[in-house]
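One file, structure.tsv, is given below (TSV, C-alpha atoms).
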chain	number	residue	atom	x	y	z
A	143	MET	CA	0.00	0.00	0.00
A	144	SER	CA	1.42	3.40	-0.97
A	145	SER	CA	1.93	6.26	1.47
A	146	ALA	CA	-0.88	8.14	-0.29
A	147	ASP	CA	-3.24	5.22	0.31
A	148	ASP	CA	-2.10	5.07	3.95
A	149	SER	CA	-2.89	8.75	4.50
A	150	ALA	CA	-6.40	8.25	3.15
A	151	ILE	CA	-7.10	5.23	5.38
A	152	PHE	CA	-5.15	6.03	8.56
A	153	PRO	CA	-5.50	9.39	10.30
A	154	PRO	CA	-2.09	10.88	11.17
A	155	LEU	CA	-0.73	10.16	14.64
A	156	THR	CA	1.46	12.39	16.77
A	157	ARG	CA	3.60	11.16	19.65
A	158	GLU	CA	1.10	12.68	22.08
A	159	ASP	CA	-1.66	10.71	20.34
A	160	VAL	CA	0.28	7.47	20.85
A	161	LEU	CA	0.86	8.21	24.54
A	162	ALA	CA	-2.92	8.46	25.00
A	163	PHE	CA	-3.04	4.69	24.42
A	164	GLN	CA	-0.55	3.63	27.06
A	165	PHE	CA	-2.28	2.00	29.98
A	166	SER	CA	-1.56	4.68	32.60
A	167	SER	CA	-3.05	7.36	30.34
A	168	TRP	CA	-6.54	5.88	29.95
A	169	TYR	CA	-6.99	3.57	32.94
A	170	PRO	CA	-7.67	6.25	35.62
A	171	THR	CA	-10.59	7.50	33.51
A	172	PHE	CA	-12.02	4.06	32.70
A	173	SER	CA	-11.10	2.09	35.84
A	174	SER	CA	-14.77	1.70	36.80
A	175	LEU	CA	-15.43	-0.01	33.45
A	176	SER	CA	-12.25	-2.06	33.36
A	177	ILE	CA	-10.43	-4.84	35.21
A	178	LYS	CA	-8.79	-3.98	38.54
A	179	SER	CA	-5.15	-3.22	37.85
A	180	THR	CA	-1.96	-2.01	39.51
A	181	ILE	CA	0.58	0.16	37.68
A	182	VAL	CA	4.25	0.07	38.72
A	183	PRO	CA	6.89	2.38	37.18
A	184	LEU	CA	9.98	0.57	35.88
A	185	ASP	CA	13.56	1.80	35.85
A	186	ASP	CA	16.43	1.40	33.40
A	187	ASP	CA	17.82	-1.60	35.30
A	188	PHE	CA	14.67	-3.58	34.60
A	189	LYS	CA	14.74	-2.51	30.96
A	190	ALA	CA	18.33	-3.76	30.79
A	191	TYR	CA	17.19	-7.09	32.25
A	192	LEU	CA	14.50	-7.48	29.58
A	193	GLU	CA	17.00	-6.61	26.85
A	194	SER	CA	19.71	-8.97	28.13
A	195	ASP	CA	20.39	-12.30	26.43
A	196	GLY	CA	18.76	-15.50	27.61
A	197	VAL	CA	15.56	-16.41	29.40
A	198	PHE	CA	15.99	-16.44	33.17
A	199	VAL	CA	14.37	-14.95	36.24
A	200	PRO	CA	16.06	-12.52	38.66
A	201	LYS	CA	17.41	-13.58	42.03
A	202	GLY	CA	14.83	-13.65	44.81
A	203	SER	CA	11.77	-13.69	42.56
A	204	GLU	CA	10.68	-17.24	43.34
A	205	ASN	CA	8.15	-17.85	46.10
A	206	GLN	CA	10.54	-19.73	48.33
A	207	ARG	CA	12.71	-19.00	51.33
A	208	ARG	CA	16.43	-18.93	50.77
A	209	GLY	CA	19.23	-19.26	53.28
A	210	ARG	CA	20.39	-16.20	55.20
A	211	GLY	CA	23.81	-14.78	55.88
A	212	ARG	CA	24.86	-14.55	52.21
A	213	ARG	CA	27.24	-11.83	51.16
A	214	GLN	CA	26.16	-10.22	47.90
A	215	ARG	CA	28.64	-10.74	45.06
A	216	ARG	CA	28.15	-10.49	41.32
A	217	ARG	CA	29.60	-13.13	39.01
A	218	GLY	CA	28.36	-12.67	35.47
A	219	PRO	CA	25.20	-11.40	33.82
A	220	ARG	CA	22.56	-13.52	35.53
A	221	GLY	CA	23.76	-12.65	39.02
A	222	GLN	CA	23.41	-8.95	38.27
A	223	TYR	CA	19.64	-8.84	38.37
A	224	ALA	CA	17.57	-8.62	41.52
A	225	PHE	CA	14.52	-6.41	42.00
A	226	PRO	CA	13.37	-6.74	45.62
A	227	ALA	CA	11.20	-3.60	45.54
A	228	LEU	CA	9.48	-4.72	42.33
A	229	ASP	CA	9.09	-8.22	43.78
A	230	ALA	CA	7.26	-6.65	46.72
A	231	HIS	CA	4.93	-4.69	44.42
A	232	ILE	CA	4.09	-7.85	42.47
A	233	ARG	CA	3.48	-9.91	45.61
A	234	ALA	CA	1.22	-7.15	46.96
A	235	ALA	CA	-0.77	-7.12	43.71
A	236	VAL	CA	-1.10	-10.92	43.83
A	237	ALA	CA	-2.33	-10.66	47.43
A	238	ALA	CA	-4.86	-7.99	46.43
A	239	HIS	CA	-6.11	-9.62	43.23
A	240	GLY	CA	-5.59	-13.35	43.90
A	241	ALA	CA	-3.51	-13.69	40.71
A	242	VAL	CA	-2.40	-11.27	38.01
A	243	PHE	CA	-1.53	-11.16	34.34
A	244	PRO	CA	1.13	-8.68	33.22
A	245	LYS	CA	1.67	-6.25	30.41
A	246	LEU	CA	3.85	-3.23	29.75
A	247	ASN	CA	2.64	0.20	28.60
A	248	PHE	CA	1.00	-1.17	25.45
A	249	SER	CA	1.79	-4.85	24.96
A	250	ALA	CA	1.01	-8.10	26.76
A	251	PRO	CA	3.24	-11.20	26.54
A	252	ARG	CA	0.54	-13.37	24.97
A	253	ASP	CA	3.13	-15.07	22.79
A	254	ALA	CA	4.80	-16.48	25.93
A	255	ALA	CA	1.60	-17.81	27.52
A	256	TRP	CA	2.65	-21.37	26.66
A	257	LEU	CA	5.28	-21.24	29.41
A	258	LEU	CA	2.57	-21.34	32.10
A	259	PRO	CA	-0.19	-23.96	32.46
A	260	ALA	CA	-2.55	-23.99	29.48
A	261	SER	CA	-5.53	-24.27	31.82
A	262	SER	CA	-4.80	-20.80	33.18
A	263	PRO	CA	-2.88	-18.84	30.53
A	264	LEU	CA	-0.89	-15.82	31.73
A	265	LYS	CA	-1.91	-16.49	35.36
A	266	CYS	CA	0.91	-15.27	37.62
A	267	THR	CA	1.13	-15.95	41.34
A	268	ALA	CA	4.80	-15.02	41.91
A	269	PRO	CA	7.21	-12.40	40.60
A	270	ALA	CA	9.10	-15.16	38.74
A	271	ASP	CA	5.98	-15.91	36.67
A	272	VAL	CA	5.72	-12.25	35.64
A	273	TYR	CA	9.40	-11.98	34.77
A	274	LEU	CA	9.39	-15.24	32.83
A	275	LEU	CA	6.51	-14.14	30.61
A	276	LEU	CA	8.01	-10.71	29.93
A	277	LYS	CA	11.52	-12.07	29.32
A	278	ALA	CA	10.38	-14.76	26.87
A	279	SER	CA	8.02	-12.50	24.90
A	280	ASP	CA	8.80	-10.90	21.58
A	281	TYR	CA	5.62	-8.82	21.73
A	282	VAL	CA	6.66	-6.69	24.70
A	283	ALA	CA	9.92	-5.76	22.94
A	284	HIS	CA	7.85	-3.15	21.07
A	285	ASP	CA	7.43	-1.21	24.32
A	286	LEU	CA	11.14	-1.08	25.20
A	287	SER	CA	12.15	1.43	22.54
A	288	ALA	CA	10.75	4.91	22.02
A	289	ALA	CA	11.65	4.54	18.34
A	290	SER	CA	9.32	1.52	18.10
A	291	VAL	CA	6.55	3.10	20.14
A	292	PHE	CA	6.50	6.31	18.07
A	293	ALA	CA	7.27	4.75	14.68
A	294	GLY	CA	5.27	6.45	11.94
A	295	CYS	CA	4.35	9.51	13.99
A	296	VAL	CA	4.15	12.71	11.97
A	297	ASP	CA	6.29	14.58	14.52
A	298	GLY	CA	9.13	12.02	14.58
A	299	ASP	CA	9.87	8.66	16.10
A	300	GLY	CA	10.92	9.95	19.52
A	301	ASP	CA	14.39	8.42	19.66
A	302	SER	CA	15.17	10.54	22.70
A	303	GLY	CA	12.20	9.14	24.58
A	304	GLY	CA	10.28	12.38	24.54
A	305	GLY	CA	6.61	12.45	23.71
A	306	GLY	CA	4.45	15.31	22.60
A	307	GLY	CA	3.60	18.10	25.00
A	308	GLY	CA	6.92	17.66	26.80
A	309	ARG	CA	5.99	14.25	28.23
A	310	ARG	CA	8.68	11.58	28.26
A	311	TYR	CA	8.02	7.96	27.51
A	312	THR	CA	8.83	5.82	30.54
A	313	LEU	CA	8.37	2.09	30.96
A	314	GLU	CA	5.64	0.76	33.26
A	315	LEU	CA	4.49	-2.66	34.45
A	316	VAL	CA	0.76	-3.28	34.58
A	317	LEU	CA	-0.56	-6.07	36.81
A	318	ARG	CA	-4.19	-6.87	35.97
A	319	LYS	CA	-6.48	-9.06	38.04
A	320	TRP	CA	-6.46	-12.52	36.45
A	321	PHE	CA	-9.67	-14.43	35.88
A	322	ALA	CA	-10.80	-17.12	33.46
A	323	MET	CA	-11.96	-15.00	30.55
A	324	ASP	CA	-14.59	-16.26	28.12
A	325	ARG	CA	-12.83	-15.62	24.83
A	326	SER	CA	-16.09	-15.92	22.86
A	327	ARG	CA	-17.22	-12.60	24.37
A	328	GLU	CA	-14.09	-10.64	23.44
A	329	MET	CA	-14.64	-8.06	20.70
A	330	ARG	CA	-12.61	-5.31	19.04
A	331	ALA	CA	-14.48	-2.12	18.15
A	332	PHE	CA	-13.20	0.28	15.49
A	333	VAL	CA	-13.87	3.99	15.89
A	334	ARG	CA	-13.04	6.17	12.89
A	335	ARG	CA	-13.25	9.96	13.13
A	336	GLY	CA	-15.56	9.73	16.15
A	337	ALA	CA	-17.94	7.12	14.66
A	338	LEU	CA	-18.14	3.47	15.71
A	339	VAL	CA	-18.04	1.72	12.33
A	340	GLY	CA	-17.11	-1.91	12.97
A	341	ILE	CA	-16.92	-4.65	15.58
A	342	SER	CA	-14.91	-7.85	15.15
A	343	GLN	CA	-14.72	-11.09	17.10
A	344	ARG	CA	-11.21	-11.38	18.57
A	345	ASP	CA	-10.91	-15.11	19.20
A	346	THR	CA	-10.39	-17.16	16.04
A	347	ASN	CA	-12.74	-20.00	16.98
A	348	TYR	CA	-16.21	-20.68	15.63
A	349	TYR	CA	-19.07	-20.25	18.14
A	350	ASP	CA	-22.61	-21.31	17.30
A	351	PHE	CA	-24.28	-18.69	19.48
A	352	LEU	CA	-22.44	-15.81	17.77
A	353	ASN	CA	-24.05	-16.81	14.49
A	354	GLU	CA	-27.62	-16.51	15.70
A	355	PRO	CA	-29.13	-13.42	13.98
A	356	ALA	CA	-30.77	-12.16	17.16
A	357	THR	CA	-27.50	-12.49	19.10
A	358	ARG	CA	-25.52	-10.64	16.46
A	359	ALA	CA	-28.07	-7.83	16.34
A	360	LYS	CA	-28.01	-7.54	20.13
A	361	ILE	CA	-24.21	-7.38	20.29
A	362	ALA	CA	-24.00	-4.67	17.61
A	363	ALA	CA	-26.73	-2.57	19.22
A	364	SER	CA	-25.54	-2.96	22.83
A	365	VAL	CA	-21.88	-2.24	22.05
A	366	ALA	CA	-22.88	0.87	20.11
A	367	ALA	CA	-25.20	2.11	22.87
A	368	TYR	CA	-22.78	1.42	25.73
A	369	TRP	CA	-19.88	2.98	23.82
A	370	ALA	CA	-21.93	6.11	23.09
A	371	ALA	CA	-23.01	6.45	26.72
A	372	HIS	CA	-19.85	5.52	28.61
A	373	VAL	CA	-16.77	5.63	26.38
A	374	ARG	CA	-17.19	8.36	23.78
A	375	PRO	CA	-17.85	11.15	26.34
A	376	ARG	CA	-14.78	10.20	28.43
A	377	TRP	CA	-12.19	9.38	25.77
A	378	ALA	CA	-9.64	12.18	25.57
A	379	GLY	CA	-7.34	10.76	22.89
A	380	PRO	CA	-7.52	11.00	19.08
A	381	ASP	CA	-10.96	10.52	17.51
A	382	SER	CA	-9.89	7.37	15.64
A	383	TYR	CA	-8.99	4.36	17.78
A	384	THR	CA	-9.73	0.72	18.47
A	385	LEU	CA	-11.29	-0.56	21.66
A	386	ASP	CA	-11.00	-4.11	23.01
A	387	VAL	CA	-13.93	-5.14	25.19
A	388	LEU	CA	-15.30	-8.14	27.06
A	389	LEU	CA	-19.07	-8.43	26.81
A	390	THR	CA	-21.04	-9.24	29.92
A	391	ARG	CA	-22.85	-12.58	29.98
A	392	ASP	CA	-26.16	-10.95	29.05
A	393	LEU	CA	-24.39	-9.18	26.13
A	394	ALA	CA	-25.88	-5.88	27.26
A	395	ARG	CA	-22.70	-4.13	28.48
A	396	PHE	CA	-18.94	-4.54	28.30
A	397	HIS	CA	-15.74	-4.19	30.27
A	398	VAL	CA	-12.96	-2.13	28.69
A	399	LEU	CA	-9.86	-4.25	28.15
A	400	ASP	CA	-7.64	-1.96	26.10
A	401	PHE	CA	-7.38	0.97	23.70
A	402	ASN	CA	-5.09	0.84	20.66
A	403	PRO	CA	-4.17	3.26	17.87
A	404	TYR	CA	-6.16	3.20	14.65
A	405	ALA	CA	-3.02	2.31	12.73
A	406	PRO	CA	-1.42	-0.55	10.76
A	407	ARG	CA	0.23	-1.83	13.96
A	408	THR	CA	-3.23	-2.79	15.31
A	409	ASP	CA	-4.73	-5.93	13.76
A	410	ALA	CA	-7.98	-5.24	11.91
A	411	LEU	CA	-8.94	-8.90	12.57
A	412	LEU	CA	-11.94	-9.86	10.39
A	413	PHE	CA	-11.87	-6.54	8.52
A	414	THR	CA	-9.30	-4.75	6.43
A	415	TYR	CA	-8.68	-1.08	7.11
A	416	ALA	CA	-9.76	-0.31	3.56
A	417	GLU	CA	-13.12	-1.91	4.34
A	418	LEU	CA	-13.41	0.03	7.58
A	419	ALA	CA	-12.68	3.30	5.77
A	420	ALA	CA	-15.68	2.67	3.51
A	421	LEU	CA	-18.10	2.16	6.41
A	422	GLN	CA	-20.31	4.95	7.70
A	423	GLY	CA	-21.62	5.64	11.20
A	424	GLY	CA	-24.93	4.38	12.56
A	425	VAL	CA	-25.29	0.73	13.52
A	426	PRO	CA	-21.77	-0.72	13.33
A	427	VAL	CA	-21.02	-3.74	11.16
A	428	LEU	CA	-20.34	-6.86	13.26
A	429	ARG	CA	-18.14	-9.63	11.88
A	430	VAL	CA	-17.70	-13.04	13.52
A	431	ILE	CA	-16.28	-16.38	12.46
A	432	ASP	CA	-19.35	-17.60	10.58
A	433	SER	CA	-18.15	-21.09	9.65
A	434	ARG	CA	-15.70	-23.68	10.89
A	435	ALA	CA	-14.19	-23.42	7.39
A	436	HIS	CA	-13.68	-19.64	7.71
A	437	PRO	CA	-10.14	-18.70	6.53
A	438	ALA	CA	-9.43	-16.97	9.84
A	439	ALA	CA	-10.64	-19.87	11.99
A	440	THR	CA	-8.14	-21.63	14.22
A	441	ARG	CA	-6.44	-24.34	12.17
A	442	ASN	CA	-5.41	-26.86	14.82
A	443	THR	CA	-2.32	-24.80	15.63
A	444	PRO	CA	-1.57	-22.86	18.80
A	445	GLU	CA	-2.11	-19.12	18.89
A	446	HIS	CA	1.18	-17.18	18.50
A	447	GLN	CA	2.87	-20.45	17.44
A	448	HIS	CA	5.60	-18.55	15.57
A	449	ASN	CA	6.83	-17.09	18.87
A	450	MET	CA	6.44	-20.12	21.07
A	451	VAL	CA	9.95	-21.57	21.37
A	452	PRO	CA	12.92	-19.42	22.43
A	453	LEU	CA	16.25	-20.64	21.10
A	454	GLU	CA	17.31	-21.74	24.61
A	455	ALA	CA	14.45	-24.22	24.61
A	456	LEU	CA	15.49	-26.06	21.48
A	457	ALA	CA	18.27	-27.95	23.24
A	458	LEU	CA	15.76	-29.31	25.75
A	459	SER	CA	13.16	-30.45	23.24
A	460	GLU	CA	14.79	-33.41	21.50
A	461	GLY	CA	13.24	-36.76	22.33
A	462	ARG	CA	10.67	-35.39	24.79
A	463	SER	CA	6.90	-35.28	24.72
A	464	ALA	CA	5.20	-31.89	25.04
A	465	GLU	CA	4.53	-32.48	28.74
A	466	GLU	CA	8.10	-33.65	29.41
A	467	PHE	CA	9.52	-30.69	27.50
A	468	ALA	CA	7.37	-28.14	29.41
A	469	ALA	CA	8.45	-29.67	32.73
A	470	ALA	CA	12.12	-29.69	31.68
A	471	TRP	CA	11.91	-26.09	30.49
A	472	MET	CA	10.38	-24.86	33.74
A	473	GLU	CA	12.99	-26.78	35.75
A	474	GLN	CA	15.75	-25.20	33.67
A	475	VAL	CA	14.37	-21.70	34.32
A	476	ARG	CA	13.99	-22.36	38.04
A	477	ARG	CA	17.50	-23.81	38.18
A	478	GLY	CA	18.76	-20.64	36.53
A	479	ALA	CA	17.10	-18.61	39.28
A	480	VAL	CA	18.78	-20.74	41.95
A	481	ASP	CA	22.14	-20.54	40.17
A	482	SER	CA	21.80	-16.75	40.00
A	483	SER	CA	21.19	-16.69	43.73
A	484	ASP	CA	24.15	-18.98	44.36
A	485	GLU	CA	26.42	-16.83	42.19
A	486	SER	CA	25.56	-13.72	44.19
A	487	GLY	CA	26.80	-15.04	47.52
A	488	ASP	CA	28.79	-17.66	49.36
A	489	ASP	CA	27.46	-21.02	50.53
A	490	ASP	CA	25.63	-21.11	53.85
A	491	ASP	CA	27.88	-21.72	56.82
A	492	ASP	CA	25.52	-24.17	58.52
Show this structure as structure tokens.
Amino acid sequence: MSSADDSAIFPPLTREDVLAFQFSSWYPTFSSLSIKSTIVPLDDDFKAYLESDGVFVPKGSENQRRGRGRRQRRRGPRGQYAFPALDAHIRAAVAAHGAVFPKLNFSAPRDAAWLLPASSPLKCTAPADVYLLLKASDYVAHDLSAASVFAGCVDGDGDSGGGGGGRRYTLELVLRKWFAMDRSREMRAFVRRGALVGISQRDTNYYDFLNEPATRAKIAASVAAYWAAHVRPRWAGPDSYTLDVLLTRDLARFHVLDFNPYAPRTDALLFTYAELAALQGGVPVLRVIDSRAHPAATRNTPEHQHNMVPLEALALSEGRSAEEFAAAWMEQVRRGAVDSSDESGDDDDD
């Protein structure tokens, strides 16, 4: 697609526009409509940990008691990293919420969900779980660089970390209350120049109930009405954006999950942006997976499969079943945490 075509389909974004989509910008306004969450500022040391080679967890992040009387000593890259204050914030959030799932300013480590039990994806009950997901994820790497965050902005890519209006881009950890989410009720709404034009199913599975005409009409009408009453008057960012929501069981309301830029970086899911540009306001168009043979339907392959196996895992995989490999991988990560702890101090005297 040419730049001229892009300008006709995608409204221009400034760095200040992009910052409106980071979690800490919109959550205070929409907290009553969203999932309970805790925001923790991150420093350059944690950024360096995420950018370092290898997949390992920092010293002290496991939920276990270690011996006392150790003198701190650094021996190599893994022993450098320990975040006791951040560990305490994460443990407090787990105590408050029961369990959490993490993200950074914009991105969640969904591509690393396979590292934790499939029955409870992204469910974290210890700092080590949070660090493991973030460290193994390619998705969150987008949030580490101002150049990536502000790529394509009309006022520059923000290499210096500065945003519009004098604001600087700083990294943050978001800890959201974990619960078993019904993926069939997740939708992405597309707002173009202040008008809600489209709604797409987010999960790529076929659901019978979503293909009932009355259900589809109710979803389109209720999302439009609830957005007009509760989101449009409060949203302070650019007038084109996407909105991820979780419908309530009665399909009459929704919880706000996330806001994203109306830009190529945001997946249009069952639409194309050219199709969305041709839609007018009024009742939004709803698209769902309407057949098990739909091209976008899950094809017996895991979601985010292209990101599932870090290079460090390949050496562990040969000759093992999936269950044996997962167990071996987790043991390797935990052993790395223990080794890091051992490298930072002497053996216990007793």
For the point (-13.5, -4.2, 12.6) in file coordinates, what residues are within 12 Å, counting all atoms listed in the file? Give the answer as a compact mmCIF listing (two decimals) with C-alpha atoms, in the coordinates of the input?
# COMPACT_ATOMS: atom_id res chain seq x y z
CA MET A 329 -14.64 -8.06 20.70
CA ARG A 330 -12.61 -5.31 19.04
CA ALA A 331 -14.48 -2.12 18.15
CA PHE A 332 -13.20 0.28 15.49
CA VAL A 333 -13.87 3.99 15.89
CA ARG A 334 -13.04 6.17 12.89
CA LEU A 338 -18.14 3.47 15.71
CA VAL A 339 -18.04 1.72 12.33
CA GLY A 340 -17.11 -1.91 12.97
CA ILE A 341 -16.92 -4.65 15.58
CA SER A 342 -14.91 -7.85 15.15
CA GLN A 343 -14.72 -11.09 17.10
CA ARG A 344 -11.21 -11.38 18.57
CA ALA A 362 -24.00 -4.67 17.61
CA TYR A 383 -8.99 4.36 17.78
CA THR A 384 -9.73 0.72 18.47
CA LEU A 385 -11.29 -0.56 21.66
CA ASP A 386 -11.00 -4.11 23.01
CA TYR A 404 -6.16 3.20 14.65
CA THR A 408 -3.23 -2.79 15.31
CA ASP A 409 -4.73 -5.93 13.76
CA ALA A 410 -7.98 -5.24 11.91
CA LEU A 411 -8.94 -8.90 12.57
CA LEU A 412 -11.94 -9.86 10.39
CA PHE A 413 -11.87 -6.54 8.52
CA THR A 414 -9.30 -4.75 6.43
CA TYR A 415 -8.68 -1.08 7.11
CA ALA A 416 -9.76 -0.31 3.56
CA GLU A 417 -13.12 -1.91 4.34
CA LEU A 418 -13.41 0.03 7.58
CA ALA A 419 -12.68 3.30 5.77
CA ALA A 420 -15.68 2.67 3.51
CA LEU A 421 -18.10 2.16 6.41
CA PRO A 426 -21.77 -0.72 13.33
CA VAL A 427 -21.02 -3.74 11.16
CA LEU A 428 -20.34 -6.86 13.26
CA ARG A 429 -18.14 -9.63 11.88
CA VAL A 430 -17.70 -13.04 13.52
Atom CA of A:Phe188 to atom CA of A:Arg310: how many Å, to one decimal?
->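 That distance, rounded to one decimal, is 17.5 Å.
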Could you check which of A:Tyr349, A:Tyr368, A:Val291, A:Thr390 is closest to A:Ala162, using only C-alpha atoms?
->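 Closest to A:Ala162 of all the choices is A:Val291.
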So how many Å separate atom CA of A:Trp377 and atom CA of A:Ile177, to one decimal?
-> 17.2 Å
Determine the nearest neighbour of A:His284 from the options A:Val316, A:Leu257, A:Leu246, A:Leu264, counting all atoms listed in the file.
-> A:Leu246
Using only the atoms of stretch 423-436 of chain A listed in the file, plus 5 Å on each side, state the axis-aligned box centre and edge lengths in Å rounded to one decimal, as lines of an AutoDock Vina configuration file.
center_x = -19.5
center_y = -9.0
center_z = 10.5
size_x = 21.6
size_y = 39.3
size_z = 16.1
Determine, counting all atoms listed in the file, which protein, DNA and RNA residues have an atom within 10 Å of an atom of A:Pro263; residues of the same chain fewer than 6 positions away are not included. Present the result as a PyMOL selection string.
-> chain A and resi 243+252+254-257+320-323
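Using only C-alpha atoms, the smallest distance between any of A:Ile431, A:Val182, A:Ile232, A:Ala278 and A:Val197 comes from A:Ala278.
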Atom CA of A:Glu314 and atom CA of A:Glu328 are how many Å apart?
->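 Atom-to-atom, atom CA of A:Glu314 and atom CA of A:Glu328 are spaced 24.8 Å apart.
Considering the residues A:Pro259, A:Pro437, A:Gly336, A:Gly294 and counting only C-alpha atoms, A:Val160 has its shortest atom-to-atom contact with A:Gly294.
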From the list A:Arg325, A:Asn402, A:Gly202, A:Arg391, the nearest residue to A:Pro226 using all atoms listed in the file is A:Gly202
Supply stretch 350-356 of chain A as a PDB file, in the coordinates of the input, with all heavy atoms built in where the input has gaps.
ATOM      1  N   ASP A 350     -21.243 -21.254  17.833  1.00  0.00           N
ATOM      2  CA  ASP A 350     -22.610 -21.310  17.300  1.00  0.00           C
ATOM      3  C   ASP A 350     -23.433 -20.100  17.705  1.00  0.00           C
ATOM      4  O   ASP A 350     -24.125 -19.494  16.890  1.00  0.00           O
ATOM      5  CB  ASP A 350     -23.312 -22.590  17.785  1.00  0.00           C
ATOM      6  CG  ASP A 350     -22.837 -23.825  17.033  1.00  0.00           C
ATOM      7  OD1 ASP A 350     -22.526 -23.707  15.838  1.00  0.00           O
ATOM      8  OD2 ASP A 350     -22.758 -24.897  17.664  1.00  0.00           O
ATOM      9  N   PHE A 351     -23.365 -19.725  18.994  1.00  0.00           N
ATOM     10  CA  PHE A 351     -24.280 -18.690  19.480  1.00  0.00           C
ATOM     11  C   PHE A 351     -24.017 -17.335  18.828  1.00  0.00           C
ATOM     12  O   PHE A 351     -24.929 -16.514  18.697  1.00  0.00           O
ATOM     13  CB  PHE A 351     -24.213 -18.600  21.008  1.00  0.00           C
ATOM     14  CG  PHE A 351     -23.100 -17.734  21.549  1.00  0.00           C
ATOM     15  CD1 PHE A 351     -23.345 -16.423  21.931  1.00  0.00           C
ATOM     16  CD2 PHE A 351     -21.809 -18.241  21.686  1.00  0.00           C
ATOM     17  CE1 PHE A 351     -22.328 -15.625  22.436  1.00  0.00           C
ATOM     18  CE2 PHE A 351     -20.789 -17.455  22.196  1.00  0.00           C
ATOM     19  CZ  PHE A 351     -21.043 -16.143  22.568  1.00  0.00           C
ATOM     20  N   LEU A 352     -22.751 -17.086  18.412  1.00  0.00           N
ATOM     21  CA  LEU A 352     -22.440 -15.810  17.770  1.00  0.00           C
ATOM     22  C   LEU A 352     -23.038 -15.713  16.365  1.00  0.00           C
ATOM     23  O   LEU A 352     -23.083 -14.630  15.787  1.00  0.00           O
ATOM     24  CB  LEU A 352     -20.928 -15.605  17.690  1.00  0.00           C
ATOM     25  CG  LEU A 352     -20.202 -15.294  18.993  1.00  0.00           C
ATOM     26  CD1 LEU A 352     -18.711 -15.130  18.743  1.00  0.00           C
ATOM     27  CD2 LEU A 352     -20.769 -14.048  19.673  1.00  0.00           C
ATOM     28  N   ASN A 353     -23.490 -16.824  15.836  1.00  0.00           N
ATOM     29  CA  ASN A 353     -24.050 -16.810  14.490  1.00  0.00           C
ATOM     30  C   ASN A 353     -25.571 -16.798  14.472  1.00  0.00           C
ATOM     31  O   ASN A 353     -26.181 -16.879  13.404  1.00  0.00           O
ATOM     32  CB  ASN A 353     -23.507 -18.005  13.699  1.00  0.00           C
ATOM     33  CG  ASN A 353     -22.064 -17.774  13.266  1.00  0.00           C
ATOM     34  OD1 ASN A 353     -21.808 -17.128  12.262  1.00  0.00           O
ATOM     35  ND2 ASN A 353     -21.132 -18.271  14.066  1.00  0.00           N
ATOM     36  N   GLU A 354     -26.174 -16.680  15.647  1.00  0.00           N
ATOM     37  CA  GLU A 354     -27.620 -16.510  15.700  1.00  0.00           C
ATOM     38  C   GLU A 354     -27.951 -15.055  15.366  1.00  0.00           C
ATOM     39  O   GLU A 354     -27.398 -14.133  15.968  1.00  0.00           O
ATOM     40  CB  GLU A 354     -28.142 -16.863  17.087  1.00  0.00           C
ATOM     41  CG  GLU A 354     -27.878 -18.323  17.480  1.00  0.00           C
ATOM     42  CD  GLU A 354     -28.125 -18.577  18.953  1.00  0.00           C
ATOM     43  OE1 GLU A 354     -28.505 -17.618  19.672  1.00  0.00           O
ATOM     44  OE2 GLU A 354     -27.930 -19.725  19.390  1.00  0.00           O
ATOM     45  N   PRO A 355     -28.830 -14.794  14.401  1.00  0.00           N
ATOM     46  CA  PRO A 355     -29.130 -13.420  13.980  1.00  0.00           C
ATOM     47  C   PRO A 355     -29.531 -12.503  15.129  1.00  0.00           C
ATOM     48  O   PRO A 355     -29.086 -11.342  15.185  1.00  0.00           O
ATOM     49  CB  PRO A 355     -30.265 -13.596  12.970  1.00  0.00           C
ATOM     50  CG  PRO A 355     -30.056 -14.970  12.417  1.00  0.00           C
ATOM     51  CD  PRO A 355     -29.539 -15.800  13.562  1.00  0.00           C
ATOM     52  N   ALA A 356     -30.334 -13.006  16.050  1.00  0.00           N
ATOM     53  CA  ALA A 356     -30.770 -12.160  17.160  1.00  0.00           C
ATOM     54  C   ALA A 356     -29.591 -11.792  18.065  1.00  0.00           C
ATOM     55  O   ALA A 356     -29.507 -10.668  18.578  1.00  0.00           O
ATOM     56  CB  ALA A 356     -31.853 -12.884  17.973  1.00  0.00           C
TER      57      ALA A 356
END
